[in-house]
Amino acid sequence: MTVALARPGYREFETETADRIFARLASHIPPAPIDEPRPITSKEEQENFAQYLIAGAAHDSYIVQVIGRAIANLVPDDLHLQLFCRQNTT
């Protein structure tokens with residue numbers, strides 16, 4: 001069985017939607033990066049970038065756990081939500 005992780009064309013739809021929202025609500029934010037990122041040139045930069053990615057992943061995980069706990073506390077009687085929240089917060 002084949003599983004599709006993303007719908008075809010969804011990235012373009014998401015980018016266009018975000019660009020329209022930014023243009024309307026935050027016109028000071030450019031729709032795309034102004035300059036291409038430069039390549040990593042030293043071992044120290046590579047280590048710092050790795051730490052940045054790890055910190056971002058930890059932050060995202062924390063947000064998921066907090067939201068899961070909030071849902072569990074708001075709707076304590078819904079067993080389906082409880083199962084979902086426990087999977088995300090353990």
# chains A, B, ... in the order shown; residues from 1 in each chain; ligands from 1

$ residues_around --residues "segment 10-20 of chain A" --least-positions-apart "6" --cutoff "10 Å" --atoms "only C-alpha atoms" --output "PyMOL selection string"
chain A and resi 26-27+29-32

$ write_last_selection --atoms "C-alpha atoms" --output "PDB file, in the first residue's frame"
ATOM      1  CA  ALA A  26       2.436  42.597   7.144  1.00  0.00           C
ATOM      2  CA  SER A  27       3.585  44.268   3.947  1.00  0.00           C
ATOM      3  CA  ILE A  29       7.799  41.170   5.261  1.00  0.00           C
ATOM      4  CA  PRO A  30       9.130  40.254   1.798  1.00  0.00           C
ATOM      5  CA  PRO A  31       7.304  37.415   0.000  1.00  0.00           C
ATOM      6  CA  ALA A  32      10.534  35.469  -0.533  1.00  0.00           C
TER       7      ALA A  32
END

$ select_by_dssp --residues "segment 6-81 of chain A" --states "helix (DSSP H, G or I)" --output "NGL selection string"
:A and (10-25 or 43-74 or 79-81)

$ atom_distance --atom1 "atom CA of Ile63 of chain A" --atom2 "atom CA of Ile40 of chain A"
29.0 Å

$ atom_distance --atom1 "atom CA of Leu79 of chain A" --atom2 "atom CA of Ala58 of chain A"
27.4 Å
